[in-house]
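So the structure is just underneath, and the comments pick up after that.
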Amino acid sequence: MASASDVMLRTSDLARLGLVDDAAIDLADAALLLAAADHSANDTRATLDTARARLTGMALRLQRESAGLTTPRSRARALTELIAQAEEMTGDVQDYDNPRNADLLELLDRKLGLPVTLSILYVALARRVGWAADPLGLPGHVLVRIGHEPVAQLVDPFDGGRLLGTSGLNAVLTRVLGGSATLDADHLTALSNRATLVRLLSNQATRARRAGDVARALTLHERMTLIAPSFTGLWWERARLEQLTGALGAARNSLGAMLETTRDTAVRGRIRAALEALARSPS
């Protein structure tokens, strides 16, 4: 069982992510910290050190094996050869909803993950060798973009690191959005570092909520508000979950924090109405 000091340490690690500029966040290291929060306190530090060393080794190998490559396509191919082929890391198509797929520590061990988890690894390694790389958050899927438009290369980490042209991208959109899906500029908008980490956690929270595990969903929303305190909607969902668990004081605090993150008149009115309703609820 984790000691109080272990829990405080993990919380402070995540809270620090909420204080730094988005560009200063190392996606892989942040995802490792989020994963560590679900692992035994007895070996977390040792596990983190091992994982960090492995990522450093992978980045050094990528740098060595991609020397002289200058085009986004050749760089994307080198990234895929390292992660999907040499390391054999790909999407878990057999057990997609397994919570371990959203855990970067588990990905390094099991070699299976979700689109967002794999994308974090691809983007983080590419950035560590100085390449432009971003996760692209499609509805229901995440891709990776290497380089800048108009010559950027899209990669689908979940599909063995497949490099996508226009037809491949349309096929992905058809699969995740349905047969009538068409390419929209919004589909190719890069996710910020915080938005990527929130997507990693919200993926897990959604599954927990559907399974009726409100406590787990709340834990994940607490982490989301730690790393992305300015994301207004996260506080609303956290307050809703706190209310469901009977933590009315905590729900009021979350709504108060939400008030501080928005100037939208309609949203502020909704928050005040919720606060008034909580005030009338028995403690």
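In the structure tokens, each chain is lettered A, B, ... as it comes, each chain's residues begin at 1, and ligands are numbered from 1 in order of appearance.
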Identify, with DSSP run on backbone atoms, the residues in segment 21-245 of chain A assigned to strand (DSSP E or B), and express the list as a PyMOL selection string.
chain A and resi 90-91+112-113+133-138+141-146+153-156+162-164+190
All alpha helix (DSSP H) residues (DSSP, backbone) inside segment 111-215 of chain A, as an MDAnalysis selection string
chainID A and resid 115:128 166:177 193:210 214:215
Exercise: Phe231 of chain A partners within 10 Å, only C-alpha atoms, chain neighbours under 6 positions left out, as JSON, numbers by chain
{"A": [194, 195, 198, 224, 225, 258, 261, 262]}
What's the 9 Å shell around Ser119 of chain A, counting only C-alpha atoms, without same-chain residues fewer than 6 positions away, as a PDB file with C-alpha atoms, in the first residue's frame?
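Saved as out_9.pdb:
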```
ATOM      1  CA  ASP A 134       2.781  16.396 -33.355  1.00  0.00           C
ATOM      2  CA  PRO A 135      -0.129  14.162 -32.363  1.00  0.00           C
ATOM      3  CA  LEU A 136      -3.305  14.715 -34.374  1.00  0.00           C
ATOM      4  CA  VAL A 142      -4.834   9.620 -32.903  1.00  0.00           C
ATOM      5  CA  LEU A 143      -2.263   9.929 -35.673  1.00  0.00           C
ATOM      6  CA  VAL A 144       1.231  11.407 -35.757  1.00  0.00           C
ATOM      7  CA  VAL A 155       1.832   7.975 -39.470  1.00  0.00           C
ATOM      8  CA  ASP A 156      -0.670   5.611 -37.867  1.00  0.00           C
ATOM      9  CA  PRO A 157       1.203   4.165 -34.845  1.00  0.00           C
ATOM     10  CA  PHE A 158      -1.708   1.868 -33.996  1.00  0.00           C
TER      11      PHE A 158
END
```
Within 12 Å of segment 65-71 of chain A, counting only C-alpha atoms, which residues qualify if same-chain residues fewer than 6 places away don't, as a ChimeraX atom specification?
/A:58-59,77-82,86,126,129-132,146-153
Leaving out Thr245 of chain A and any residue of its chain fewer than 3 positions from it, which residues lie within 12 Å of it when counting only C-alpha atoms, given as an MDAnalysis selection string?
chainID A and resid 212:219 238:242 248:251
Take the selection from the previous step and output its residues with N, CA and C atoms, as a CSV table (one decimal), in the first residue's frame.
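Saved result, again-v3.csv, follows:
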```
chain,number,residue,atom,x,y,z
A,212,GLY,N,-19.2,1.6,-14.6
A,212,GLY,CA,-19.8,1.9,-13.3
A,212,GLY,C,-18.8,2.2,-12.2
A,213,ASP,N,-17.5,2.3,-12.5
A,213,ASP,CA,-16.4,2.6,-11.5
A,213,ASP,C,-16.2,4.1,-11.4
A,214,VAL,N,-17.1,4.7,-10.6
A,214,VAL,CA,-17.1,6.1,-10.4
A,214,VAL,C,-15.9,6.6,-9.7
A,215,ALA,N,-15.4,5.8,-8.7
A,215,ALA,CA,-14.2,6.2,-7.9
A,215,ALA,C,-13.0,6.3,-8.8
A,216,ARG,N,-12.9,5.3,-9.7
A,216,ARG,CA,-11.7,5.3,-10.7
A,216,ARG,C,-11.8,6.5,-11.6
A,217,ALA,N,-13.0,6.8,-12.1
A,217,ALA,CA,-13.2,7.9,-13.0
A,217,ALA,C,-12.9,9.2,-12.3
A,218,LEU,N,-13.3,9.3,-11.1
A,218,LEU,CA,-13.0,10.5,-10.3
A,218,LEU,C,-11.5,10.7,-10.1
A,219,THR,N,-10.8,9.6,-9.8
A,219,THR,CA,-9.3,9.7,-9.6
A,219,THR,C,-8.7,10.2,-10.9
A,238,ARG,N,-15.4,16.7,-13.0
A,238,ARG,CA,-14.9,16.3,-11.7
A,238,ARG,C,-16.0,16.6,-10.6
A,239,ALA,N,-16.6,17.8,-10.6
A,239,ALA,CA,-17.6,18.1,-9.7
A,239,ALA,C,-18.8,17.2,-9.7
A,240,ARG,N,-19.2,16.8,-10.9
A,240,ARG,CA,-20.3,15.8,-11.1
A,240,ARG,C,-20.0,14.5,-10.5
A,241,LEU,N,-18.8,14.0,-10.7
A,241,LEU,CA,-18.3,12.7,-10.1
A,241,LEU,C,-18.2,12.8,-8.6
A,242,GLU,N,-17.7,14.0,-8.1
A,242,GLU,CA,-17.7,14.2,-6.6
A,242,GLU,C,-19.0,14.2,-6.0
A,248,LEU,N,-19.7,16.4,-1.4
A,248,LEU,CA,-20.3,17.7,-1.8
A,248,LEU,C,-19.4,18.9,-1.6
A,249,GLY,N,-18.6,18.8,-0.5
A,249,GLY,CA,-17.7,19.9,-0.3
A,249,GLY,C,-16.6,20.0,-1.4
A,250,ALA,N,-16.2,18.8,-1.8
A,250,ALA,CA,-15.2,18.8,-2.9
A,250,ALA,C,-15.8,19.2,-4.2
A,251,ALA,N,-17.1,18.9,-4.4
A,251,ALA,CA,-17.8,19.3,-5.6
A,251,ALA,C,-17.9,20.8,-5.7
```
Which residues are close to Gly269 of chain A, i.e. within 12 Å by only C-alpha atoms, leaving aside same-chain residues fewer than 6 positions away? Reply as a short mmCIF file (atom, residue, chain, number, x, y, z; two decimals) with C-alpha atoms, in the first residue's frame.
```cif
data_model
loop_
_atom_site.label_atom_id
_atom_site.label_comp_id
_atom_site.auth_asym_id
_atom_site.auth_seq_id
_atom_site.Cartn_x
_atom_site.Cartn_y
_atom_site.Cartn_z
CA LEU A 255 -17.04 24.35 -9.25
CA MET A 258 -14.11 26.19 -12.62
CA LEU A 259 -15.40 29.73 -12.05
CA THR A 262 -13.86 30.90 -17.50
CA ARG A 263 -15.25 34.30 -18.38
CA LEU A 275 -23.40 25.81 -6.59
CA GLU A 276 -26.81 26.96 -5.38
#
```
Rounded to one decimal in Å, what is the spacing between atom CA of Gly246 of chain A and atom CA of Thr232 of chain A?
21.8 Å
Given only C-alpha atoms as the basis, pick out the residue of A:Ala277, A:Leu188, A:Leu19, A:Leu34 nearest to Leu105 of chain A.
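When distances to Leu105 of chain A are compared using only C-alpha atoms, the smallest one comes from A:Leu34.
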I'd like the interatomic distance between atom CA of Ala190 of chain A and atom CA of Pro139 of chain A, to a tenth of an Å.
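Going from atom CA of Ala190 of chain A over to atom CA of Pro139 of chain A, I get 12.7 Å.
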Point out the residue among A:His39, A:Arg127, A:Arg162, A:Arg64 with the least atom-to-atom distance to Thr90 of chain A, counting only C-alpha atoms.
A:Arg162
Of the candidates A:Thr47, A:Thr189, A:Gln63, A:Ser230, which one gets nearest to Ala35 of chain A if we count only C-alpha atoms?
A:Thr47
